[in-house]
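Structure file input-v3.txt; described as compact mmCIF, C-alpha atoms.
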# COMPACT_ATOMS: atom_id res chain seq x y z
CA MET A 1 4.36 7.90 -83.02
CA SER A 2 1.65 7.12 -85.52
CA GLU A 3 -1.67 8.90 -85.23
CA GLU A 4 -3.53 5.66 -85.10
CA LEU A 5 -2.28 5.15 -81.64
CA TYR A 6 -4.25 8.18 -80.52
CA THR A 7 -7.66 7.17 -81.80
CA PRO A 8 -10.34 7.09 -79.12
CA ASP A 9 -10.49 3.33 -79.19
CA HIS A 10 -6.97 3.20 -77.88
CA SER A 11 -7.60 5.50 -74.97
CA ALA A 12 -6.43 3.78 -71.84
CA ARG A 13 -8.67 5.68 -69.49
CA GLU A 14 -12.38 5.90 -69.69
CA GLY A 15 -13.69 9.41 -69.78
CA VAL A 16 -10.64 10.81 -71.58
CA ARG A 17 -10.74 11.06 -75.33
CA LEU A 18 -7.51 11.39 -77.27
CA GLU A 19 -8.43 12.97 -80.57
CA PRO A 20 -6.26 14.65 -83.21
CA GLU A 21 -8.00 17.71 -84.80
CA GLN A 22 -6.04 17.99 -87.99
CA PRO A 23 -3.16 16.02 -89.31
CA GLY A 24 -0.05 17.58 -87.92
CA ASP A 25 -1.83 19.26 -85.00
CA ARG A 26 -0.99 18.32 -81.53
CA THR A 27 -3.18 15.82 -79.84
CA GLN A 28 -5.76 17.40 -77.58
CA LEU A 29 -7.14 15.84 -74.52
CA GLU A 30 -10.83 16.36 -73.98
CA ARG A 31 -12.73 15.18 -71.02
CA GLU A 32 -16.05 13.61 -71.84
CA GLU A 33 -19.06 13.91 -69.66
CA PRO A 34 -18.99 11.05 -67.30
CA SER A 35 -21.47 8.57 -68.60
CA ASP A 36 -20.75 5.34 -66.90
CA ARG A 37 -19.60 6.32 -63.48
CA VAL A 38 -20.80 4.30 -60.59
CA GLN A 39 -23.67 6.03 -58.85
CA LEU A 40 -23.99 5.69 -55.11
CA GLU A 41 -27.59 6.10 -54.19
CA ARG A 42 -28.70 7.27 -50.85
CA ASP A 43 -31.02 5.26 -48.78
CA ASP A 44 -34.40 6.76 -48.19
CA GLY A 45 -34.15 9.20 -45.38
CA GLY A 46 -30.40 8.73 -45.02
CA ASP A 47 -28.03 11.66 -44.99
CA SER A 48 -24.97 9.84 -46.15
CA VAL A 49 -24.03 6.71 -48.00
CA GLN A 50 -22.81 4.05 -45.61
CA PRO A 51 -21.06 0.97 -46.90
CA LYS A 52 -22.53 -2.14 -45.44
CA GLU A 53 -20.28 -3.56 -42.76
CA ARG A 54 -19.46 -7.20 -43.18
CA GLU A 55 -20.09 -9.02 -39.97
CA GLU A 56 -17.18 -11.25 -39.10
CA PRO A 57 -18.03 -14.21 -36.89
CA ALA A 58 -16.38 -14.06 -33.49
CA TYR A 59 -13.06 -15.89 -33.53
CA GLU A 60 -13.16 -19.16 -31.63
CA SER A 61 -10.33 -21.49 -30.81
CA SER A 62 -9.61 -24.10 -28.21
CA ALA A 63 -6.84 -26.46 -27.24
CA SER A 64 -6.40 -28.98 -24.47
CA LEU A 65 -3.03 -29.89 -23.04
CA ARG A 66 -1.91 -32.49 -20.55
CA LEU A 67 1.69 -32.16 -19.51
CA ALA A 68 4.00 -34.03 -17.17
CA ASP A 69 5.04 -31.78 -14.28
CA GLY A 70 8.54 -31.36 -15.66
CA PRO A 71 10.42 -28.96 -17.87
CA LEU A 72 7.85 -29.08 -20.68
CA VAL A 73 5.11 -27.26 -18.77
CA GLY A 74 6.37 -23.70 -19.23
CA PRO A 75 7.57 -23.86 -22.85
CA VAL A 76 4.55 -25.77 -24.16
CA LEU A 77 1.97 -23.73 -22.25
CA CYS A 78 3.48 -20.39 -23.29
CA ARG A 79 3.80 -21.45 -26.93
CA VAL A 80 0.28 -22.78 -27.27
CA VAL A 81 -1.36 -19.90 -25.43
CA SER A 82 0.61 -17.27 -27.35
CA ILE A 83 -0.25 -18.67 -30.78
CA VAL A 84 -3.93 -19.03 -29.88
CA LEU A 85 -4.09 -15.45 -28.61
CA ALA A 86 -2.05 -14.02 -31.47
CA ARG A 87 -4.46 -15.55 -33.92
CA ALA A 88 -7.34 -13.98 -32.03
CA ASN A 89 -5.74 -10.53 -32.48
CA CYS A 90 -5.12 -10.12 -28.78
CA PRO A 91 -3.39 -6.78 -28.02
CA MET A 92 0.26 -6.98 -27.07
CA ASP A 93 -0.22 -5.69 -23.53
CA ARG A 94 -2.79 -8.36 -22.76
CA LEU A 95 -0.67 -11.02 -24.42
CA ASP A 96 2.16 -9.87 -22.17
CA ASP A 97 -0.12 -10.24 -19.13
CA VAL A 98 -1.06 -13.76 -20.18
CA MET A 99 2.58 -14.74 -20.67
CA LEU A 100 3.28 -13.57 -17.13
CA ILE A 101 0.39 -15.72 -15.94
CA CYS A 102 1.75 -18.71 -17.85
CA ASP A 103 5.18 -18.17 -16.32
CA ALA A 104 3.67 -18.02 -12.84
CA LEU A 105 1.63 -21.16 -13.45
CA SER A 106 4.55 -23.12 -14.86
CA ALA A 107 6.70 -22.09 -11.90
CA HIS A 108 4.22 -22.99 -9.15
CA ALA A 109 1.58 -25.37 -10.49
CA PRO A 110 3.72 -28.50 -10.97
CA ARG A 111 4.15 -29.05 -7.23
CA HIS A 112 0.38 -29.02 -6.82
CA ALA A 113 -0.31 -31.62 -9.48
CA ALA A 114 -2.44 -34.44 -8.15
CA ASP A 115 -0.75 -37.27 -10.06
CA GLY A 116 2.32 -35.86 -11.75
CA HIS A 117 0.47 -34.27 -14.63
CA LEU A 118 -1.30 -30.97 -15.21
CA ALA A 119 -4.18 -30.35 -17.58
CA PHE A 120 -4.70 -27.02 -19.31
CA ALA A 121 -7.73 -26.06 -21.35
CA VAL A 122 -7.23 -22.95 -23.45
CA SER A 123 -10.14 -21.28 -25.17
CA VAL A 124 -10.77 -17.99 -26.94
CA GLN A 125 -14.16 -16.75 -27.98
CA GLY A 126 -14.37 -13.26 -29.41
CA GLY A 127 -12.43 -11.09 -26.98
CA GLN A 128 -12.63 -13.50 -24.08
CA PHE A 129 -9.81 -15.79 -23.07
CA GLU A 130 -10.15 -18.61 -20.58
CA LEU A 131 -7.46 -20.86 -19.16
CA ARG A 132 -8.41 -23.81 -16.99
CA VAL A 133 -5.74 -25.45 -14.92
CA GLY A 134 -6.80 -28.94 -13.97
CA GLU A 135 -5.65 -32.06 -12.15
CA LEU A 136 -4.69 -30.00 -9.12
CA ALA A 137 -4.74 -31.66 -5.72
CA GLU A 138 -7.42 -30.88 -3.12
CA GLN A 139 -7.02 -27.34 -1.70
CA ALA A 140 -4.18 -26.74 -4.15
CA ALA A 141 -5.76 -24.07 -6.36
CA GLY A 142 -5.95 -21.53 -3.54
CA LYS A 143 -2.37 -22.25 -2.52
CA LEU A 144 -1.25 -21.79 -6.11
CA VAL A 145 -2.87 -18.35 -6.24
CA GLU A 146 -1.20 -17.39 -2.97
CA GLU A 147 2.22 -18.64 -3.99
CA ALA A 148 2.28 -16.89 -7.36
CA THR A 149 3.11 -13.51 -5.88
CA LEU A 150 5.67 -10.85 -6.67
CA PRO A 151 7.02 -8.27 -4.20
CA GLU A 152 4.97 -5.06 -4.27
CA VAL A 153 2.66 -6.61 -6.87
CA GLY A 154 0.89 -9.24 -4.85
CA SER A 155 -0.81 -12.20 -6.42
CA VAL A 156 0.05 -12.21 -10.10
CA LEU A 157 -2.93 -14.39 -10.95
CA GLU A 158 -5.39 -12.11 -9.17
CA ARG A 159 -3.89 -8.89 -10.51
CA MET A 160 -3.58 -9.93 -14.13
CA THR A 161 -6.91 -11.65 -14.64
CA ASP A 162 -10.44 -10.30 -14.97
CA GLU A 163 -11.94 -13.44 -13.55
CA LEU A 164 -10.54 -16.03 -11.19
CA ARG A 165 -12.43 -18.87 -9.61
CA ILE A 166 -11.83 -22.30 -8.18
CA GLU A 167 -14.07 -25.18 -9.20
CA PRO A 168 -14.17 -28.82 -8.21
CA ALA A 169 -12.77 -31.05 -10.93
CA ALA A 170 -15.26 -32.50 -13.34
CA ASP A 171 -14.37 -36.05 -12.27
CA GLY A 172 -14.71 -35.09 -8.61
CA ALA A 173 -11.05 -35.56 -7.76
CA GLY A 174 -9.13 -32.39 -6.97
CA GLU A 175 -9.69 -28.85 -8.17
CA GLU A 176 -9.55 -26.66 -11.22
CA LEU A 177 -8.35 -23.08 -11.32
CA VAL A 178 -10.21 -21.01 -13.91
CA LEU A 179 -8.64 -17.79 -15.15
CA GLY A 180 -10.44 -15.38 -17.48
CA LEU A 181 -9.26 -12.31 -19.35
CA PHE A 182 -10.97 -9.87 -21.69
CA PHE A 183 -9.18 -8.10 -24.49
CA MET B 1 1.58 -48.19 -21.08
CA MET B 2 3.56 -45.06 -20.30
CA THR B 3 1.73 -41.84 -19.64
CA PRO B 4 2.76 -39.33 -22.30
CA ASP B 5 4.81 -36.31 -21.29
CA MET B 6 2.75 -34.12 -23.58
CA GLN B 7 -0.78 -34.48 -24.91
CA ILE B 8 -2.42 -31.96 -27.19
CA ALA B 9 -6.05 -32.23 -28.24
CA LEU B 10 -7.46 -29.91 -30.87
CA PRO B 11 -10.19 -29.79 -33.46
CA ALA B 12 -8.80 -31.17 -36.73
CA ARG B 13 -8.56 -27.85 -38.52
CA ALA B 14 -5.78 -26.58 -40.74
CA GLU B 15 -4.93 -23.65 -38.49
CA ASN B 16 -4.35 -26.01 -35.57
CA ILE B 17 -1.49 -27.80 -37.30
CA ALA B 18 0.62 -24.72 -36.61
CA ILE B 19 -0.20 -24.98 -32.90
CA VAL B 20 1.09 -28.54 -32.76
CA ARG B 21 4.19 -27.64 -34.73
CA HIS B 22 4.84 -24.66 -32.45
CA ALA B 23 4.30 -26.75 -29.32
CA PHE B 24 6.93 -29.25 -30.44
CA GLY B 25 9.45 -26.42 -30.55
CA ALA B 26 9.23 -26.56 -26.75
CA LEU B 27 11.33 -29.74 -26.87
CA GLU B 28 14.31 -27.58 -27.68
CA ASP B 29 13.58 -25.20 -24.79
CA ALA B 30 12.98 -28.02 -22.33
CA TYR B 31 15.56 -30.61 -23.35
CA GLY B 32 18.02 -28.73 -25.54
CA LEU B 33 17.22 -30.98 -28.46
CA ASP B 34 19.48 -30.79 -31.51
CA ALA B 35 18.02 -28.39 -34.06
CA GLN B 36 18.27 -30.85 -36.97
CA ILE B 37 16.59 -33.65 -35.03
CA LEU B 38 13.87 -31.30 -33.86
CA SER B 39 13.34 -30.12 -37.42
CA ASP B 40 12.80 -33.73 -38.54
CA ILE B 41 10.39 -34.34 -35.68
CA ARG B 42 8.37 -31.23 -36.44
CA LEU B 43 8.21 -32.03 -40.13
CA ALA B 44 7.03 -35.60 -39.54
CA VAL B 45 4.45 -34.51 -36.95
CA THR B 46 3.23 -31.76 -39.25
CA GLU B 47 2.76 -34.28 -42.05
CA ALA B 48 0.85 -36.64 -39.80
CA CYS B 49 -1.41 -33.83 -38.58
CA THR B 50 -1.94 -32.62 -42.13
CA ASN B 51 -3.12 -36.11 -43.06
CA VAL B 52 -5.68 -35.95 -40.26
CA VAL B 53 -6.97 -32.57 -41.39
CA VAL B 54 -7.11 -33.47 -45.07
CA HIS B 55 -8.22 -37.10 -44.99
CA ALA B 56 -9.67 -38.17 -41.66
CA TYR B 57 -12.94 -36.29 -41.72
CA PRO B 58 -14.36 -36.05 -45.24
CA ASP B 59 -17.43 -34.09 -46.28
CA GLY B 60 -16.64 -31.14 -44.01
CA ARG B 61 -17.12 -33.15 -40.86
CA GLU B 62 -15.21 -31.89 -37.84
CA GLY B 63 -13.47 -34.19 -35.40
CA PRO B 64 -10.66 -34.31 -32.91
CA MET B 65 -6.94 -34.50 -33.54
CA GLU B 66 -4.78 -35.70 -30.67
CA VAL B 67 -1.02 -35.72 -30.41
CA PHE B 68 0.90 -37.60 -27.71
CA ALA B 69 4.63 -37.33 -27.09
CA THR B 70 6.54 -39.62 -24.76
CA LEU B 71 10.22 -39.25 -24.04
CA LEU B 72 11.95 -42.39 -22.88
CA GLY B 73 15.71 -42.31 -22.63
CA GLU B 74 17.11 -41.29 -25.98
CA GLU B 75 13.90 -42.04 -27.82
CA LEU B 76 10.83 -39.93 -28.49
CA THR B 77 7.57 -41.57 -29.45
CA VAL B 78 4.88 -39.41 -31.01
CA VAL B 79 1.37 -40.68 -31.68
CA VAL B 80 -1.06 -38.74 -33.84
CA ARG B 81 -4.59 -40.00 -33.39
CA ASP B 82 -7.96 -39.24 -34.93
CA GLU B 83 -11.46 -40.65 -34.96
CA GLY B 84 -11.83 -40.52 -38.70
CA THR B 85 -12.23 -42.90 -41.59
CA GLY B 86 -8.95 -44.73 -41.22
CA ILE B 87 -5.93 -44.99 -43.47
CA GLY B 88 -6.21 -46.36 -46.94
CA PRO B 89 -5.82 -45.61 -50.62
CA ARG B 90 -7.86 -42.66 -51.73
CA PRO B 91 -8.12 -42.16 -55.50
CA ASP B 92 -9.68 -38.71 -55.10
CA SER B 93 -6.96 -37.49 -52.78
CA PRO B 94 -6.07 -33.80 -53.18
CA GLY B 95 -2.49 -34.56 -52.19
CA LEU B 96 0.42 -36.25 -53.90
CA GLY B 97 0.50 -39.21 -51.53
CA LEU B 98 3.96 -38.33 -50.29
CA GLY B 99 3.10 -37.70 -46.64
CA LEU B 100 3.61 -41.19 -45.24
CA PRO B 101 6.77 -41.97 -47.22
CA LEU B 102 8.18 -38.67 -45.97
CA ILE B 103 7.29 -39.58 -42.40
CA ALA B 104 8.95 -42.97 -42.88
CA SER B 105 12.12 -41.33 -44.07
CA LEU B 106 12.26 -38.98 -41.07
CA THR B 107 11.58 -41.50 -38.30
CA GLU B 108 13.30 -44.51 -36.82
CA SER B 109 10.08 -46.42 -37.14
CA VAL B 110 6.48 -45.72 -37.99
CA GLN B 111 3.39 -47.80 -37.32
CA LEU B 112 -0.07 -47.26 -38.69
CA GLY B 113 -3.05 -48.80 -37.02
CA ARG B 114 -5.97 -48.45 -34.69
CA ASP B 115 -6.10 -48.35 -30.92
CA GLU B 116 -8.39 -50.40 -28.71
CA GLU B 117 -11.19 -47.90 -29.32
CA GLU B 118 -10.79 -48.14 -33.10
CA ARG B 119 -9.24 -44.70 -33.40
CA THR B 120 -6.70 -44.25 -36.16
CA GLU B 121 -3.11 -43.90 -35.00
CA VAL B 122 0.18 -43.00 -36.60
CA ARG B 123 2.92 -43.95 -34.16
CA MET B 124 6.34 -42.49 -34.90
CA THR B 125 9.59 -43.13 -33.08
CA PHE B 126 12.54 -40.77 -33.25
CA SER B 127 16.06 -41.30 -32.03
CA LEU B 128 17.34 -38.25 -30.19
CA THR B 129 20.98 -39.19 -30.65
CA GLY B 130 21.21 -39.28 -34.43
CA THR B 131 19.49 -37.96 -37.50
CA ALA B 132 17.38 -39.81 -40.01
CA ASP B 133 20.55 -40.32 -42.08
CA HIS B 134 21.07 -43.37 -39.90
CA TYR B 135 17.71 -44.75 -40.90
CA ASP B 136 18.03 -48.44 -41.60
CA GLY B 137 14.45 -49.58 -41.18
CA PRO B 138 12.10 -50.77 -43.89
CA THR B 139 11.66 -48.62 -46.94
CA ALA B 140 8.58 -46.52 -47.42
CA GLU B 141 7.40 -48.82 -50.17
CA ALA B 142 7.79 -51.83 -47.92
CA VAL B 143 5.71 -50.14 -45.24
CA PHE B 144 3.04 -48.52 -47.35
CA GLY B 145 2.95 -50.61 -50.46
CA ALA B 146 3.77 -49.66 -54.01
CA ALA B 147 4.26 -45.99 -54.77
CA ASP B 148 1.47 -46.09 -57.31
CA THR B 149 -1.26 -46.12 -54.69
CA PRO B 150 -2.46 -42.56 -55.24
CA GLY B 151 -3.58 -40.64 -52.23
CA ALA B 152 -2.45 -43.17 -49.69
CA ARG B 153 -2.35 -41.37 -46.39
When written as C-alpha cells, how does the structure in this file appear?
Amino acid sequence: MSEELYTPDHSAREGVRLEPEQPGDRTQLEREEPSDRVQLERDDGGDSVQPKEREEPAYESSASLRLADGPLVGPVLCRVVSIVLARANCPMDRLDDVMLICDALSAHAPRHAADGHLAFAVSVQGGQFELRVGELAEQAAGKLVEEATLPEVGSVLERMTDELRIEPAADGAGEELVLGLFF
Amino acid sequence: MMTPDMQIALPARAENIAIVRHAFGALEDAYGLDAQILSDIRLAVTEACTNVVVHAYPDGREGPMEVFATLLGEELTVVVRDEGTGIGPRPDSPGLGLGLPLIASLTESVQLGRDEEERTEVRMTFSLTGTADHYDGPTAEAVFGAADTPGAR
C-alpha cells in the first residue's frame, strides 16, 4: 500500500495516529493524549454520575365492546383484552390469569345478559387493568361470580382478580361487574 | 334497524386499528369463516379505520372511532363511524387516495354517508359465500368520482 494512506489525516480512529518514521520503516501506531474525550462531570456533592432517567408517561388504553350473547363473546373479548394488555407490557402470568377470567366470563355471562347483549369496557392505566361487564340482569353479577368456579379452585373471578365489585348500571337498569388487576 | 352482533368503540388512534383488525379475526373462531373472505374483510375494515385515524380528526384532535358488525344470513355488514370532518377531497392528504377504491374492490357494496346524528359512516357489505372476485357492483370511479381527486377518503 502507498504511504499516503497512512498519513494522520486518514486515521480512522480518533486518538490513534498512524505515522511512518522513515521511508521504508514499518508504520508505528502511537496513541495520542486524549484531547477531545467526552467529560462526565459530577454533580456537586454527588458521588457518582447518574444518567438522567427519562420519565415515560404511564401507558393508557381503553376499548368498549358490545357483543351479542352468542359465539362471538369469547373470541372477541379474549382478542381485544390480550392485545390491550400485551401493549401495556403485562407479564405473561398475569395475562394468563386475565385470559382465564375472559374464558370464565364468556362461558357464564351470556345467560345473564339483560337483553341479549353484553357490554365490556376494557381499560389499562399504568399497571392497572380494569374490565367492566355490563348489561347484566338484576342480581346477575353475584350469580355470575358464583357460577364461574372450578373444582378445588373456587370462584375463578374472585381468585384471579385483585379487586371485584358489583355496581348498579349507569342507566339504572341491571348491574355491572367490575374486575381489577394489578401487574 | 338490527342490533349489531359486535360493536367496538375506541379512540381514533393508529395503535387501535390493530385492535379492530385483531377483533375481526374472531369471526373465524366463532363462525369458521373462510380465510380468504376474512382476509378481505379485515383489509377493508383496516382501510376504513385508517381513514378515520388519518383524516377524520385533523389538527391533532382526538375523537371516537366506532365499528359495528352485523351478520345476517350469508351477509356481513360492517359500519365504521366517526364524528369527524366528513368525507371529501383533501388536496393536502398524506395518503395516495387509494383507500376507498380498495374498499370498493373488496366489498359487495359500500356506502358513504352520515347517520341521523351527522356522524360520518362507511357502510360495507360482504358476502360470506364468495370472494370479491364475484364483485359486479359499480366501479370505484363510479362510486367515488374520477381517480384524479387526490386524497379522497
Exercise for review: Please provide the set of residues having any atom within 6 Å of region 76-85 of chain B, restricted to all atoms listed in the file, with same-chain residues fewer than 4 positions apart removed, written as number ranges by chain.
Suggested key: B: 56-57, 64-71, 119-126
Check your understanding: So how many Å separate CA of Gly99 (chain B) and CA of Pro58 (chain B), to one decimal?
Key -> 17.6 Å
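Distance check against Val110 (chain B) using only C-alpha atoms: of B:Thr50, B:Arg61, B:Ala44, B:Val20, the minimum falls on B:Ala44.
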Practice item. Using all atoms listed in the file, select each residue of chain A with any atom at most 9 Å away from an atom of chain B, and give the selection as an MDAnalysis selection string. Key: chainID A and resid 61:80 83:84 117
Practice item. Quick one: everything within 8 Å of Ala86 (chain A), counting only C-alpha atoms, minus sequence neighbours fewer than 4 positions away in the same chain. Send it as a list in words. Key: Ser82, Cys90 and Leu95 of chain A
Can you spit out the residues from that selection as a compact mmCIF listing (two decimals), in the frame of the given file, using C-alpha atoms?
# COMPACT_ATOMS: atom_id res chain seq x y z
CA SER A 82 0.61 -17.27 -27.35
CA CYS A 90 -5.12 -10.12 -28.78
CA LEU A 95 -0.67 -11.02 -24.42
Practice item. Would you work out the distance separating CA of Glu135 (chain A) from CA of Ala169 (chain A), expressed in Å to one decimal? Key: 7.3 Å
**Study point:** Coordinates-based distance that separates CA of Met2 (chain B) from CA of Ala35 (chain B) (Å, one decimal)
**Key:** 26.0 Å
Study note, to complete from the structure: Nearest to Arg94 (chain A), restricted to all atoms listed in the file and choosing among A:Met160, A:Val178, A:Ala109, A:Ile166, comes out as A:Met160
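Here the question is which of A:Ala119, A:Ala148, A:Ala88, A:Ala170 gets nearest to Ala107 (chain A) using all atoms listed in the file, and that residue is A:Ala148.
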Residue rebuild result region 74-89 of chain B, N, CA and C atoms as a short mmCIF file (atom, residue, chain, number, x, y, z; two decimals), keeping the file's coordinate frame:
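Everything below was put into selection_33.cif:
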data_model
loop_
_atom_site.label_atom_id
_atom_site.label_comp_id
_atom_site.auth_asym_id
_atom_site.auth_seq_id
_atom_site.Cartn_x
_atom_site.Cartn_y
_atom_site.Cartn_z
N GLU B 74 16.68 -42.04 -24.81
CA GLU B 74 17.11 -41.29 -25.98
C GLU B 74 16.12 -41.45 -27.13
N GLU B 75 14.89 -41.78 -26.78
CA GLU B 75 13.90 -42.04 -27.82
C GLU B 75 12.62 -41.25 -27.54
N LEU B 76 12.10 -40.67 -28.59
CA LEU B 76 10.83 -39.93 -28.49
C LEU B 76 9.79 -40.65 -29.34
N THR B 77 8.68 -40.96 -28.71
CA THR B 77 7.57 -41.57 -29.45
C THR B 77 6.44 -40.56 -29.56
N VAL B 78 5.99 -40.35 -30.77
CA VAL B 78 4.88 -39.41 -31.01
C VAL B 78 3.74 -40.18 -31.66
N VAL B 79 2.56 -40.04 -31.11
CA VAL B 79 1.37 -40.68 -31.68
C VAL B 79 0.40 -39.59 -32.10
N VAL B 80 -0.03 -39.65 -33.34
CA VAL B 80 -1.06 -38.74 -33.84
C VAL B 80 -2.32 -39.56 -34.06
N ARG B 81 -3.39 -39.16 -33.41
CA ARG B 81 -4.59 -40.00 -33.39
C ARG B 81 -5.81 -39.20 -33.86
N ASP B 82 -6.70 -39.88 -34.55
CA ASP B 82 -7.96 -39.24 -34.93
C ASP B 82 -9.09 -40.26 -34.86
N GLU B 83 -10.29 -39.77 -35.00
CA GLU B 83 -11.46 -40.65 -34.96
C GLU B 83 -12.14 -40.68 -36.32
N GLY B 84 -11.30 -40.64 -37.35
CA GLY B 84 -11.83 -40.52 -38.70
C GLY B 84 -12.00 -41.84 -39.41
N THR B 85 -11.86 -41.77 -40.73
CA THR B 85 -12.23 -42.90 -41.59
C THR B 85 -11.17 -43.98 -41.68
N GLY B 86 -10.00 -43.73 -41.12
CA GLY B 86 -8.95 -44.73 -41.22
C GLY B 86 -8.03 -44.46 -42.40
N ILE B 87 -6.95 -45.22 -42.45
CA ILE B 87 -5.93 -44.99 -43.47
C ILE B 87 -6.09 -45.98 -44.60
N GLY B 88 -6.09 -45.47 -45.80
CA GLY B 88 -6.21 -46.36 -46.94
C GLY B 88 -6.05 -45.59 -48.23
N PRO B 89 -5.94 -46.30 -49.33
CA PRO B 89 -5.82 -45.61 -50.62
C PRO B 89 -7.03 -44.73 -50.87
#
